[in-house]
file protein.cif (mmCIF, C-alpha atoms and all ligand atoms)
data_input
loop_
_atom_site.label_atom_id
_atom_site.label_comp_id
_atom_site.auth_asym_id
_atom_site.auth_seq_id
_atom_site.Cartn_x
_atom_site.Cartn_y
_atom_site.Cartn_z
CA MET E 1 -86.70 -3.57 -60.33
CA PRO E 2 -89.77 -5.47 -61.61
CA PRO E 3 -92.89 -5.14 -59.51
CA LEU E 4 -93.80 -7.75 -56.94
CA ASP E 5 -96.24 -10.23 -58.45
CA LEU E 6 -99.33 -10.87 -56.41
CA HIS E 7 -101.70 -13.57 -57.61
CA VAL E 8 -105.28 -13.33 -56.43
CA ALA E 9 -107.76 -16.11 -57.04
CA VAL E 10 -111.49 -15.72 -56.64
CA PHE E 11 -113.14 -19.09 -56.04
CA GLY E 12 -116.84 -19.08 -56.74
CA ALA E 13 -119.51 -21.13 -58.45
CA SER E 14 -121.34 -20.04 -61.57
CA GLY E 15 -123.35 -16.87 -60.96
CA ALA E 16 -121.59 -16.04 -57.67
CA GLY E 17 -120.57 -12.64 -59.04
CA LYS E 18 -116.91 -13.02 -60.07
CA THR E 19 -117.04 -11.21 -63.39
CA VAL E 20 -119.14 -8.29 -62.17
CA LEU E 21 -116.79 -7.91 -59.21
CA LEU E 22 -113.80 -7.68 -61.50
CA ALA E 23 -115.42 -4.94 -63.58
CA ALA E 24 -116.42 -2.97 -60.48
CA PHE E 25 -113.00 -3.44 -58.87
CA TYR E 26 -111.25 -2.10 -61.95
CA ARG E 27 -113.61 0.77 -62.57
CA ALA E 28 -113.55 1.99 -58.95
CA GLN E 29 -109.78 2.10 -58.68
CA THR E 30 -109.12 3.83 -61.96
CA GLN E 31 -111.30 6.83 -61.08
CA PRO E 32 -109.43 10.12 -60.46
CA ALA E 33 -111.39 10.70 -57.24
CA PHE E 34 -110.18 7.33 -55.98
CA GLN E 35 -106.52 8.23 -56.53
CA GLN E 36 -107.02 11.45 -54.69
CA GLU E 37 -108.49 9.68 -51.69
CA TYR E 38 -106.36 6.54 -51.49
CA ALA E 39 -102.95 7.68 -52.83
CA TYR E 40 -102.73 4.83 -55.34
CA LYS E 41 -104.30 3.70 -58.57
CA ILE E 42 -104.34 0.58 -60.68
CA GLN E 43 -103.90 0.31 -64.42
CA ALA E 44 -104.46 -2.64 -66.71
CA VAL E 45 -101.14 -3.82 -68.14
CA ASN E 46 -102.96 -4.57 -71.37
CA LYS E 47 -105.03 -1.55 -72.39
CA ALA E 48 -107.40 -3.60 -74.51
CA GLN E 49 -108.20 -5.71 -71.47
CA GLY E 50 -108.75 -2.56 -69.44
CA ASN E 51 -111.19 -1.31 -72.07
CA ARG E 52 -113.03 -4.62 -72.04
CA LEU E 53 -113.51 -4.30 -68.29
CA LEU E 54 -114.69 -0.72 -68.63
CA GLY E 55 -117.04 -1.80 -71.42
CA ARG E 56 -118.58 -4.31 -69.05
CA PHE E 57 -119.01 -1.66 -66.43
CA TYR E 58 -120.65 0.74 -68.91
CA ARG E 59 -123.08 -2.00 -69.89
CA LEU E 60 -123.87 -2.48 -66.20
CA GLU E 61 -124.69 1.22 -66.11
CA GLU E 62 -127.24 0.50 -68.79
CA GLY E 63 -128.64 -2.35 -66.72
CA THR E 64 -127.04 -5.26 -68.62
CA PHE E 65 -125.15 -7.92 -66.68
CA PRO E 66 -122.44 -9.98 -68.42
CA GLU E 67 -123.13 -13.43 -69.80
CA GLY E 68 -121.71 -16.34 -67.85
CA SER E 69 -117.97 -16.65 -68.49
CA THR E 70 -116.86 -19.28 -70.99
CA ARG E 71 -113.07 -19.29 -70.72
CA PHE E 72 -110.13 -18.71 -68.45
CA ASP E 73 -108.84 -15.15 -68.46
CA GLU E 74 -105.85 -13.68 -66.70
CA ILE E 75 -106.06 -9.94 -66.08
CA GLU E 76 -103.00 -8.06 -64.93
CA PHE E 77 -103.16 -4.75 -63.11
CA ASP E 78 -100.26 -2.58 -62.14
CA PHE E 79 -100.55 -0.90 -58.83
CA PHE E 80 -99.05 2.59 -58.74
CA PRO E 81 -98.49 4.54 -55.56
CA ARG E 82 -99.45 8.13 -56.34
CA ASP E 83 -96.89 10.15 -58.28
CA LEU E 84 -94.53 7.25 -58.86
CA PRO E 85 -93.79 6.33 -62.47
CA GLU E 86 -93.06 2.68 -61.69
CA PRO E 87 -95.63 0.18 -60.44
CA ALA E 88 -94.95 -1.36 -57.03
CA VAL E 89 -97.09 -4.46 -57.37
CA ARG E 90 -98.51 -6.35 -60.31
CA ILE E 91 -101.80 -8.00 -59.44
CA HIS E 92 -102.76 -11.09 -61.44
CA TRP E 93 -106.47 -11.74 -61.27
CA TYR E 94 -108.24 -14.72 -62.79
CA ASP E 95 -111.72 -14.97 -64.20
CA TYR E 96 -113.19 -18.26 -65.43
CA PRO E 97 -116.45 -20.16 -65.72
CA GLY E 98 -117.66 -21.03 -62.24
CA ARG E 99 -119.36 -24.10 -63.65
CA TRP E 100 -115.88 -25.66 -63.69
CA TRP E 101 -116.50 -26.30 -60.01
CA GLU E 102 -119.80 -27.98 -60.74
CA GLU E 103 -119.88 -29.72 -64.07
CA GLU E 104 -117.79 -32.02 -66.17
CA PRO E 105 -115.93 -30.32 -69.04
CA VAL E 106 -117.75 -30.38 -72.38
CA ASP E 107 -114.77 -31.68 -74.38
CA ALA E 108 -111.06 -32.49 -74.18
CA ASP E 109 -110.00 -28.89 -74.87
CA GLU E 110 -112.10 -27.65 -72.02
CA ARG E 111 -110.76 -30.40 -69.80
CA ASP E 112 -107.21 -29.15 -70.42
CA ALA E 113 -108.13 -25.48 -69.98
CA MET E 114 -109.93 -26.35 -66.78
CA ARG E 115 -107.08 -28.38 -65.33
CA GLU E 116 -104.54 -25.71 -66.12
CA GLY E 117 -106.80 -22.90 -64.91
CA LEU E 118 -107.63 -24.51 -61.59
CA LEU E 119 -103.94 -25.23 -60.98
CA ARG E 120 -103.15 -21.55 -61.57
CA LEU E 121 -105.85 -20.54 -59.10
CA GLY E 122 -104.34 -22.89 -56.56
CA MET E 123 -100.91 -21.36 -56.93
CA SER E 124 -102.17 -17.87 -56.03
CA GLN E 125 -101.03 -16.28 -52.78
CA VAL E 126 -104.42 -14.99 -51.74
CA GLY E 127 -107.69 -16.84 -52.24
CA ILE E 128 -111.13 -15.30 -51.97
CA LEU E 129 -113.94 -17.79 -51.55
CA LEU E 130 -117.06 -16.09 -52.83
CA ALA E 131 -120.32 -17.17 -51.22
CA ASP E 132 -123.28 -16.22 -53.40
CA GLY E 133 -125.26 -13.65 -51.41
CA ALA E 134 -128.48 -14.26 -53.32
CA LYS E 135 -128.34 -17.97 -52.50
CA TYR E 136 -127.43 -17.36 -48.89
CA ARG E 137 -130.32 -14.93 -48.62
CA SER E 138 -132.83 -17.45 -49.92
CA GLU E 139 -131.42 -20.75 -48.59
CA GLY E 140 -129.71 -19.66 -45.37
CA THR E 141 -127.39 -21.93 -43.41
CA ALA E 142 -127.95 -24.90 -45.70
CA TYR E 143 -126.28 -22.97 -48.51
CA ILE E 144 -123.16 -22.12 -46.49
CA ARG E 145 -122.81 -25.71 -45.32
CA TRP E 146 -123.23 -26.92 -48.87
CA LEU E 147 -120.67 -24.39 -50.12
CA PHE E 148 -118.00 -25.47 -47.66
CA GLU E 149 -118.64 -29.17 -48.20
CA HIS E 150 -118.79 -28.88 -51.94
CA PHE E 151 -115.68 -26.73 -52.13
CA ALA E 152 -113.77 -29.10 -49.84
CA ASP E 153 -114.80 -32.07 -52.01
CA GLU E 154 -113.81 -30.28 -55.21
CA CYS E 155 -110.42 -29.26 -53.81
CA ASP E 156 -109.84 -32.78 -52.63
CA ARG E 157 -110.81 -34.15 -56.02
CA LEU E 158 -108.55 -31.63 -57.76
CA ARG E 159 -105.66 -32.62 -55.55
CA ARG E 160 -106.14 -36.32 -56.26
CA ALA E 161 -106.69 -35.89 -60.00
CA SER E 162 -103.59 -33.71 -60.25
CA ALA E 163 -101.49 -36.12 -58.25
CA ALA E 164 -102.56 -38.88 -60.63
CA ALA E 165 -101.41 -36.70 -63.56
CA GLY E 166 -98.08 -35.99 -61.86
CA ASP E 167 -98.83 -32.42 -60.74
CA GLU E 168 -98.93 -31.25 -57.21
CA VAL E 169 -101.63 -28.70 -56.48
CA SER E 170 -101.21 -26.15 -53.80
CA PHE E 171 -103.85 -23.83 -52.43
CA PRO E 172 -103.48 -20.16 -51.53
CA ARG E 173 -101.66 -19.40 -48.31
CA GLU E 174 -104.08 -16.69 -47.22
CA TRP E 175 -107.86 -16.66 -47.49
CA ILE E 176 -110.78 -14.29 -47.31
CA LEU E 177 -114.36 -15.57 -47.16
CA ALA E 178 -116.55 -13.04 -48.95
CA LEU E 179 -120.30 -12.79 -49.31
CA SER E 180 -121.25 -11.34 -52.69
CA LYS E 181 -124.40 -9.33 -53.54
CA ALA E 182 -124.40 -7.82 -50.04
CA ASP E 183 -126.83 -5.17 -51.33
CA LEU E 184 -129.54 -7.83 -50.92
CA PHE E 185 -129.01 -7.71 -47.12
CA PRO E 186 -130.23 -5.04 -44.70
CA PRO E 187 -128.05 -1.90 -44.51
CA ASP E 188 -126.90 -2.72 -40.98
CA TYR E 189 -125.80 -6.25 -41.86
CA SER E 190 -122.00 -6.41 -41.59
CA ALA E 191 -119.06 -8.76 -42.14
CA ARG E 192 -119.11 -9.30 -38.39
CA ASP E 193 -122.68 -10.62 -38.60
CA PHE E 194 -121.69 -12.90 -41.45
CA GLU E 195 -118.75 -14.21 -39.42
CA ARG E 196 -121.01 -14.90 -36.45
CA GLU E 197 -123.48 -16.84 -38.55
CA VAL E 198 -120.80 -18.87 -40.30
CA CYS E 199 -119.00 -19.82 -37.08
CA ARG E 200 -122.27 -20.53 -35.31
CA ASP E 201 -124.02 -22.53 -38.02
CA ALA E 202 -121.33 -24.13 -40.16
CA ASP E 203 -118.39 -24.70 -37.84
CA GLU E 204 -118.05 -28.39 -38.65
CA GLN E 205 -118.06 -27.83 -42.39
CA LEU E 206 -115.61 -24.96 -41.96
CA ALA E 207 -113.21 -27.14 -40.00
CA LYS E 208 -113.33 -29.81 -42.66
CA LEU E 209 -112.64 -27.30 -45.42
CA CYS E 210 -109.69 -25.85 -43.48
CA ALA E 211 -108.23 -29.31 -43.14
CA VAL E 212 -108.59 -30.03 -46.86
CA LEU E 213 -106.97 -26.71 -47.74
CA ARG E 214 -104.31 -27.33 -45.09
CA ALA E 215 -105.03 -23.83 -43.96
CA GLU E 216 -106.13 -24.15 -40.36
CA ARG E 217 -104.52 -20.87 -39.53
CA ALA E 218 -105.28 -19.05 -42.75
CA PHE E 219 -108.89 -19.87 -43.64
CA GLY E 220 -111.98 -18.82 -41.78
CA HIS E 221 -110.87 -15.75 -39.93
CA ARG E 222 -111.18 -12.99 -42.53
CA PHE E 223 -114.71 -12.16 -43.62
CA MET E 224 -115.97 -9.67 -46.17
CA LEU E 225 -119.19 -8.34 -47.58
CA LEU E 226 -119.01 -7.38 -51.24
CA SER E 227 -121.52 -5.71 -53.44
CA SER E 228 -120.30 -4.77 -56.90
CA VAL E 229 -123.50 -2.95 -57.78
CA ALA E 230 -126.82 -2.41 -56.11
CA ALA E 231 -129.35 -4.63 -57.86
CA PRO E 232 -132.56 -4.73 -55.84
CA PRO E 233 -135.00 -7.42 -57.07
CA ASP E 234 -137.61 -5.05 -58.52
CA ALA E 235 -135.66 -1.93 -59.36
CA GLN E 236 -133.02 -0.66 -61.71
CA VAL E 237 -129.35 -1.68 -61.31
CA ASP E 238 -127.25 1.01 -59.68
CA PRO E 239 -123.54 0.53 -60.46
CA GLY E 240 -122.73 3.74 -58.59
CA THR E 241 -123.43 2.02 -55.27
CA SER E 242 -121.05 -0.67 -54.10
CA LEU E 243 -119.76 -2.11 -50.86
CA GLY E 244 -116.31 -3.44 -50.08
CA VAL E 245 -114.97 -3.04 -53.60
CA ARG E 246 -112.53 -0.43 -52.32
CA THR E 247 -111.80 -2.45 -49.20
CA LEU E 248 -110.67 -5.44 -51.20
CA ALA E 249 -107.15 -4.36 -52.24
CA PRO E 250 -106.26 -3.27 -48.69
CA ALA E 251 -107.65 -6.55 -47.34
CA ILE E 252 -105.52 -8.47 -49.84
CA LEU E 253 -102.40 -6.50 -48.94
CA VAL E 254 -102.94 -6.93 -45.23
CA SER E 255 -103.52 -10.66 -45.73
CA THR E 256 -100.23 -10.91 -47.59
CA VAL E 257 -98.38 -9.06 -44.87
CA GLU E 258 -99.98 -11.18 -42.17
CA GLY E 259 -99.01 -14.34 -44.03
CA ALA E 260 -95.40 -13.18 -44.16
CA VAL E 261 -95.45 -12.31 -40.48
CA ARG E 262 -96.88 -15.68 -39.54
CA GLU E 263 -94.31 -17.48 -41.61
CA ALA E 264 -91.55 -15.41 -40.09
CA GLN E 265 -92.79 -16.13 -36.58
CA ALA E 266 -93.01 -19.85 -37.26
CA ALA E 267 -89.52 -19.83 -38.71
CA ARG E 268 -88.15 -17.89 -35.81
CA LYS E 269 -89.50 -20.52 -33.46
CA GLU E 270 -87.52 -23.12 -35.31
CA LYS E 271 -84.43 -20.93 -35.06
CA SER E 272 -82.53 -22.97 -37.60
CA ALA E 273 -84.77 -21.75 -40.39
CA LYS E 274 -83.12 -18.40 -40.91
CA GLU E 275 -83.45 -18.74 -44.63
CA THR E 276 -87.20 -19.16 -44.46
CA PHE E 277 -87.48 -16.11 -42.31
CA PHE E 278 -86.06 -13.97 -45.04
CA GLU E 279 -87.88 -15.93 -47.71
CA GLY E 280 -91.13 -15.04 -46.02
CA LEU E 281 -90.21 -11.41 -46.02
CA ARG E 282 -88.74 -11.39 -49.47
CA ASP E 283 -91.93 -10.33 -51.19
CA LEU E 284 -92.31 -7.44 -48.85
CA VAL E 285 -88.74 -6.37 -49.29
CA GLN E 286 -89.21 -6.34 -53.04
CA PHE E 287 -92.32 -4.29 -52.61
CA VAL E 288 -90.44 -1.79 -50.49
CA ASP E 289 -87.46 -1.76 -52.81
CA SER E 290 -89.57 -0.99 -55.80
CA VAL E 291 -91.14 1.94 -54.06
CA ASP E 292 -88.00 3.54 -52.75
CA ASP E 293 -84.54 3.17 -54.21
CA PHE E 294 -82.93 5.04 -51.40
CA LEU E 295 -83.71 2.67 -48.62
CA PRO E 296 -81.94 2.63 -45.35
CA LYS E 297 -81.25 -0.89 -44.15
CA ARG E 298 -83.68 -3.27 -45.82
CA TYR E 299 -84.82 -5.08 -42.78
CA GLN E 300 -85.40 -1.99 -40.77
CA ILE E 301 -87.89 -0.97 -43.37
CA VAL E 302 -89.56 -4.33 -43.33
CA SER E 303 -89.91 -4.21 -39.59
CA LYS E 304 -91.32 -0.72 -39.97
CA ILE E 305 -94.05 -2.03 -42.25
CA LEU E 306 -94.77 -4.97 -40.05
CA ARG E 307 -95.11 -2.73 -37.08
CA PHE E 308 -97.17 -0.34 -39.10
CA VAL E 309 -99.66 -2.83 -40.40
CA SER E 310 -99.66 -4.90 -37.22
CA LEU E 311 -102.97 -6.14 -35.96
CA LYS E 312 -102.77 -3.90 -32.99
CA ASP E 313 -102.56 -0.87 -35.24
CA LEU E 314 -105.42 -2.10 -37.33
CA ALA E 315 -107.56 -2.61 -34.30
CA THR E 316 -106.85 0.73 -32.71
CA ALA E 317 -105.89 3.32 -35.33
CA ARG E 318 -108.48 6.00 -35.76
CA VAL E 319 -109.41 6.99 -39.25
CA ASP E 320 -108.84 10.70 -38.72
CA ARG E 321 -105.36 9.96 -37.37
CA LEU E 322 -104.61 7.75 -40.34
CA ARG E 323 -105.85 10.42 -42.73
CA LYS E 324 -103.59 12.95 -41.11
CA ALA E 325 -100.63 10.56 -41.22
CA ARG E 326 -101.31 10.03 -44.92
CA GLU E 327 -101.41 13.74 -45.66
CA ASP E 328 -98.17 14.25 -43.71
CA ALA E 329 -96.52 11.42 -45.58
CA LEU E 330 -97.61 12.85 -48.93
CA ARG E 331 -96.28 16.26 -48.01
CA LYS E 332 -92.94 14.72 -47.11
CA GLY E 333 -92.91 12.70 -50.31
CA ASP E 334 -93.09 9.39 -48.40
CA THR E 335 -95.37 7.71 -50.92
CA PHE E 336 -94.99 4.27 -49.45
CA LYS E 337 -96.23 5.35 -46.09
CA ALA E 338 -99.00 7.30 -47.76
CA VAL E 339 -100.24 4.20 -49.56
CA LEU E 340 -100.10 2.08 -46.43
CA THR E 341 -101.93 4.64 -44.34
CA GLY E 342 -104.48 5.02 -47.13
CA MET E 343 -105.02 1.27 -47.17
CA VAL E 344 -105.28 0.89 -43.43
CA ALA E 345 -107.72 3.81 -43.37
CA ALA E 346 -109.81 2.03 -46.01
CA LEU E 347 -110.17 -0.89 -43.61
CA ARG E 348 -111.08 1.40 -40.75
CA ASN E 349 -113.51 3.83 -42.35
CA ASP E 350 -117.26 3.24 -42.21
CA GLU E 351 -117.31 1.17 -45.37
CA GLY E 352 -114.25 -0.86 -44.30
CA LEU E 353 -115.69 -1.56 -40.86
CA ARG E 354 -118.89 -2.87 -42.34
CA ALA E 355 -117.28 -4.79 -45.18
CA TYR E 356 -114.25 -6.39 -43.48
CA HIS E 357 -113.95 -8.33 -40.25
CA GLN E 358 -111.17 -10.38 -38.82
CA ASN E 359 -112.14 -12.53 -35.89
CA GLN E 360 -108.75 -13.62 -34.56
N1 LIG Z 401 -127.66 -7.86 -56.29
C1 LIG Z 401 -126.51 -8.10 -56.90
N2 LIG Z 401 -126.47 -8.96 -57.93
C2 LIG Z 401 -125.28 -9.22 -58.52
C3 LIG Z 401 -124.08 -8.57 -58.11
N3 LIG Z 401 -123.07 -9.03 -58.88
C4 LIG Z 401 -123.62 -9.94 -59.71
N4 LIG Z 401 -124.95 -10.04 -59.52
C5 LIG Z 401 -125.90 -10.95 -60.21
O1 LIG Z 401 -125.28 -12.21 -60.35
C6 LIG Z 401 -125.22 -12.57 -61.73
C7 LIG Z 401 -123.94 -13.32 -62.02
O2 LIG Z 401 -122.82 -12.47 -61.89
P1 LIG Z 401 -121.45 -12.81 -62.65
O3 LIG Z 401 -120.43 -11.86 -62.17
O4 LIG Z 401 -121.65 -12.93 -64.09
O5 LIG Z 401 -121.15 -14.26 -62.02
P2 LIG Z 401 -119.87 -15.19 -62.29
O6 LIG Z 401 -119.41 -15.65 -60.95
O7 LIG Z 401 -118.88 -14.49 -63.14
O8 LIG Z 401 -120.54 -16.42 -63.05
P3 LIG Z 401 -119.83 -17.41 -64.14
O9 LIG Z 401 -119.18 -16.56 -65.17
O10 LIG Z 401 -120.94 -18.24 -64.67
O11 LIG Z 401 -118.87 -18.22 -63.35
C8 LIG Z 401 -125.34 -11.26 -62.47
O12 LIG Z 401 -125.88 -11.48 -63.75
C9 LIG Z 401 -126.30 -10.47 -61.59
O13 LIG Z 401 -127.61 -10.85 -61.81
C10 LIG Z 401 -124.16 -7.62 -57.04
O14 LIG Z 401 -123.19 -7.00 -56.62
N5 LIG Z 401 -125.40 -7.43 -56.47
MG MG Z 402 -118.16 -14.84 -64.99
#
call {"tool": "encode", "arguments": {"input": "protein.cif", "output": "structure tokens", "more": "lines below"}}
Ligand SMILES: Nc1nc2c(ncn2[C@@H]2O[C@H](COP(=O)(O)OP(=O)(O)OP(=O)(O)O)[C@@H](O)[C@H]2O)c(=O)[nH]1
Ligand SMILES: [Mg+2]
result
Amino acid sequence: MPPLDLHVAVFGASGAGKTVLLAAFYRAQTQPAFQQEYAYKIQAVNKAQGNRLLGRFYRLEEGTFPEGSTRFDEIEFDFFPRDLPEPAVRIHWYDYPGRWWEEEPVDADERDAMREGLLRLGMSQVGILLADGAKYRSEGTAYIRWLFEHFADECDRLRRASAAAGDEVSFPREWILALSKADLFPPDYSARDFEREVCRDADEQLAKLCAVLRAERAFGHRFMLLSSVAAPPDAQVDPGTSLGVRTLAPAILVSTVEGAVREAQAARKEKSAKETFFEGLRDLVQFVDSVDDFLPKRYQIVSKILRFVSLKDLATARVDRLRKAREDALRKGDTFKAVLTGMVAALRNDEGLRAYHQNQ
């Protein structure tokens, strides 16, 4: 069975940190020590692309940041639970020039690339809106308000321009609001602090953006801090120090599961919408199927995952218990459970607790 396709779109202006994040994300999760700890690994589908990302990371190690991006790039990663020969999920990740959100295209070719690229971003399941940590640090609340207003206007404009051209744009169903360059903030600053500031200082702008995205229930309740490298203003870049890079894949997976649960709940309320109920769970079922060919009843398994990754579990599970559950699962050859426990643990360990916060 082909892997489940998961499309992830990072929305961020020029210089927000999209390209560096991609290099750090790839590098971290291809390390042998990572596989040992988390029971999964990722691999670039296209090896040349994988090497390009590693090349970028090695240049970061030498203190050189990438140039601003000039074109749309789709990078595909396969996600392998440990010891399984077949990938369970294929992650599609997009990188593109952030100035597309700010400037007019330079020529007709770029106009086409831009239109097509932004439509692809919109069709992704999970959206990450990247707030530029350096700007937030220097400009404070005004920057966050500007970001929400500007992004809402751009999305609105994209929707209208597309409608005029006969396309209908959609926007991701699930969202994470992430602050990049978190290394520029004090060590005790957490995603919870960021959430507090955003809800306290930019609630009006946030509400407007939610309305434009038609995501009142899916935007503005997951917050992250991300630091791809440590780059203090007057010292050398340290690519060995990051924050949240390893929390990101678990956060994306949990967002996807939560989206399916919410859809299922909504459909159940309507009763008649039995089809949608299973539609909403279809992705998950495929994910499960691809991990284990010898499933008991499909929907039992799905309910097992839903129970497993339920919010209650996330809020209460202790990391040592999760670690133990993962080791047990590995011993019994239950790779799927091992990956899930590994992911939930990544949200609950010290790094995960600082880097990820869900407020509702
Ligand atoms: N302190 C710190 N600085 C970072 C980090 N990531 C990126 N930067 C800085 O931000 C700059 C821009 O990062 P990029 O990843 O190239 O930004 P981008 O979003 O891809 O920008 P475009 O390609 O123009 O859209 C880098 O050159 C670094 O100076 C980080 O984790 N910490
Ligand atoms: Mg870039």
call {"tool": "closest_atom_pairs", "arguments": {"input": "protein.cif", "of": "chain E", "to": "ligand LIG 401 (chain Z)", "cutoff": "7 Å", "atoms": "only C-alpha atoms and all ligand atoms", "output": "CSV"}}
result
residue,atom,partner,partner_atom,distance
E:Gly12,CA,Z:LIG401,O6,6.0
E:Ala13,CA,Z:LIG401,O11,5.7
E:Ser14,CA,Z:LIG401,O11,3.5
E:Gly15,CA,Z:LIG401,O8,3.5
E:Ala16,CA,Z:LIG401,O6,4.0
E:Gly17,CA,Z:LIG401,O3,3.2
E:Lys18,CA,Z:LIG401,O6,3.7
E:Thr19,CA,Z:LIG401,O3,3.7
E:Val20,CA,Z:LIG401,O3,3.8
E:Leu21,CA,Z:LIG401,O3,6.1
E:Phe65,CA,Z:LIG401,O12,4.7
E:Pro66,CA,Z:LIG401,O4,5.3
E:Glu67,CA,Z:LIG401,O4,5.9
E:Gly68,CA,Z:LIG401,O9,3.7
E:Ser69,CA,Z:LIG401,O9,3.5
E:Thr70,CA,Z:LIG401,O9,6.8
E:Tyr96,CA,Z:LIG401,O11,6.0
E:Pro97,CA,Z:LIG401,O11,3.9
E:Gly98,CA,Z:LIG401,O11,3.3
E:Arg99,CA,Z:LIG401,O11,5.9
E:Ser180,CA,Z:LIG401,O14,6.2
E:Lys181,CA,Z:LIG401,N5,3.6
E:Ala182,CA,Z:LIG401,N5,6.5
E:Asp183,CA,Z:LIG401,N1,5.7
E:Leu184,CA,Z:LIG401,N1,5.7
E:Leu226,CA,Z:LIG401,O14,6.8
E:Ser227,CA,Z:LIG401,O14,3.8
E:Ser228,CA,Z:LIG401,O14,3.7
E:Val229,CA,Z:LIG401,O14,4.2
E:Ala230,CA,Z:LIG401,N5,5.2
E:Ala231,CA,Z:LIG401,N1,4.0
E:Pro232,CA,Z:LIG401,N1,5.8
call {"tool": "closest_residue", "arguments": {"input": "protein.cif", "among": "E:His221, E:Arg82, E:Arg27, E:Arg200", "to": "Arg326 in chain E", "atoms": "only C-alpha atoms"}}
result
E:Arg82
call {"tool": "residues_around", "arguments": {"input": "protein.cif", "residues": "range 347-359 of chain E", "least_positions_apart": "2", "cutoff": "7 Å", "atoms": "all atoms listed in the file", "output": "PyMOL selection string"}}
result
chain E and resi 190-192+221-226+243-244+247+250+319+343-345
call {"tool": "closest_residue", "arguments": {"input": "protein.cif", "among": "E:Gly333, E:Pro233, E:Gly240, E:Pro172", "to": "Thr256 in chain E", "atoms": "all atoms listed in the file"}}
result
E:Pro172
call {"tool": "closest_residue", "arguments": {"input": "protein.cif", "among": "E:Glu86, E:Asp73, E:Asp153, E:Glu204", "to": "ligand MG 402 (chain Z)", "atoms": "all atoms listed in the file"}}
result
E:Asp73
call {"tool": "closest_residue", "arguments": {"input": "protein.cif", "among": "E:Leu53, E:Ala48, E:Ile91, E:Val126", "to": "ligand MG 402 (chain Z)", "atoms": "only C-alpha atoms and all ligand atoms"}}
result
E:Leu53
call {"tool": "atom_distance", "arguments": {"input": "protein.cif", "atom1": "CA of Gln36 in chain E", "atom2": "CA of Arg246 in chain E"}}
result
13.3 Å
call {"tool": "closest_residue", "arguments": {"input": "protein.cif", "among": "E:Arg145, E:Lys41, E:Arg56, E:Lys47", "to": "ligand MG 402 (chain Z)", "atoms": "all atoms listed in the file"}}
result
E:Arg56
call {"tool": "atom_distance", "arguments": {"input": "protein.cif", "atom1": "CA of Thr341 in chain E", "atom2": "CA of Pro87 in chain E"}}
result
17.9 Å
call {"tool": "residues_around", "arguments": {"input": "protein.cif", "residues": "Gly220 in chain E", "least_positions_apart": "6", "cutoff": "12 Å", "atoms": "all atoms listed in the file", "output": "number ranges by chain"}}
result
E: 127-129, 148, 174-178, 194-196, 198-199, 202-211, 213-214, 357-360
call {"tool": "atom_distance", "arguments": {"input": "protein.cif", "atom1": "CA of Gly50 in chain E", "atom2": "CA of Ala113 in chain E"}}
result
22.9 Å
call {"tool": "closest_residue", "arguments": {"input": "protein.cif", "among": "E:Phe185, E:Arg160, E:Arg173, E:Asp107", "to": "Lys135 in chain E", "atoms": "only C-alpha atoms"}}
result
E:Phe185
call {"tool": "residues_around", "arguments": {"input": "protein.cif", "residues": "Val45 in chain E", "least_positions_apart": "5", "cutoff": "9 Å", "atoms": "all atoms listed in the file", "output": "list in words"}}
result
Gly50, Ile75, Glu76, Phe77, Asp78 and Arg90 of chain E
call {"tool": "residues_near_point", "arguments": {"input": "protein.cif", "point": "(-101.8, 1.5, -63.4)", "cutoff": "6 Å", "atoms": "all atoms listed in the file", "output": "number ranges by chain"}}
result
E: 41-44, 78-80
call {"tool": "decode", "arguments": {"input": "protein.cif", "residues": "range 197-210 of chain E", "atoms": "C-alpha atoms", "output": "tab-separated table (two decimals), in the first residue's frame"}}
result
chain	number	residue	atom	x	y	z
E	197	GLU	CA	1.27	37.38	24.57
E	198	VAL	CA	-0.49	36.66	21.29
E	199	CYS	CA	-3.91	36.16	22.90
E	200	ARG	CA	-3.43	39.17	25.15
E	201	ASP	CA	-2.06	41.63	22.62
E	202	ALA	CA	-3.36	40.60	19.21
E	203	ASP	CA	-6.70	38.94	19.86
E	204	GLU	CA	-8.61	41.13	17.41
E	205	GLN	CA	-6.17	40.53	14.58
E	206	LEU	CA	-6.15	36.82	15.39
E	207	ALA	CA	-9.93	36.63	15.20
E	208	LYS	CA	-9.93	38.35	11.84
E	209	LEU	CA	-7.30	35.99	10.47
E	210	CYS	CA	-9.25	32.95	11.71
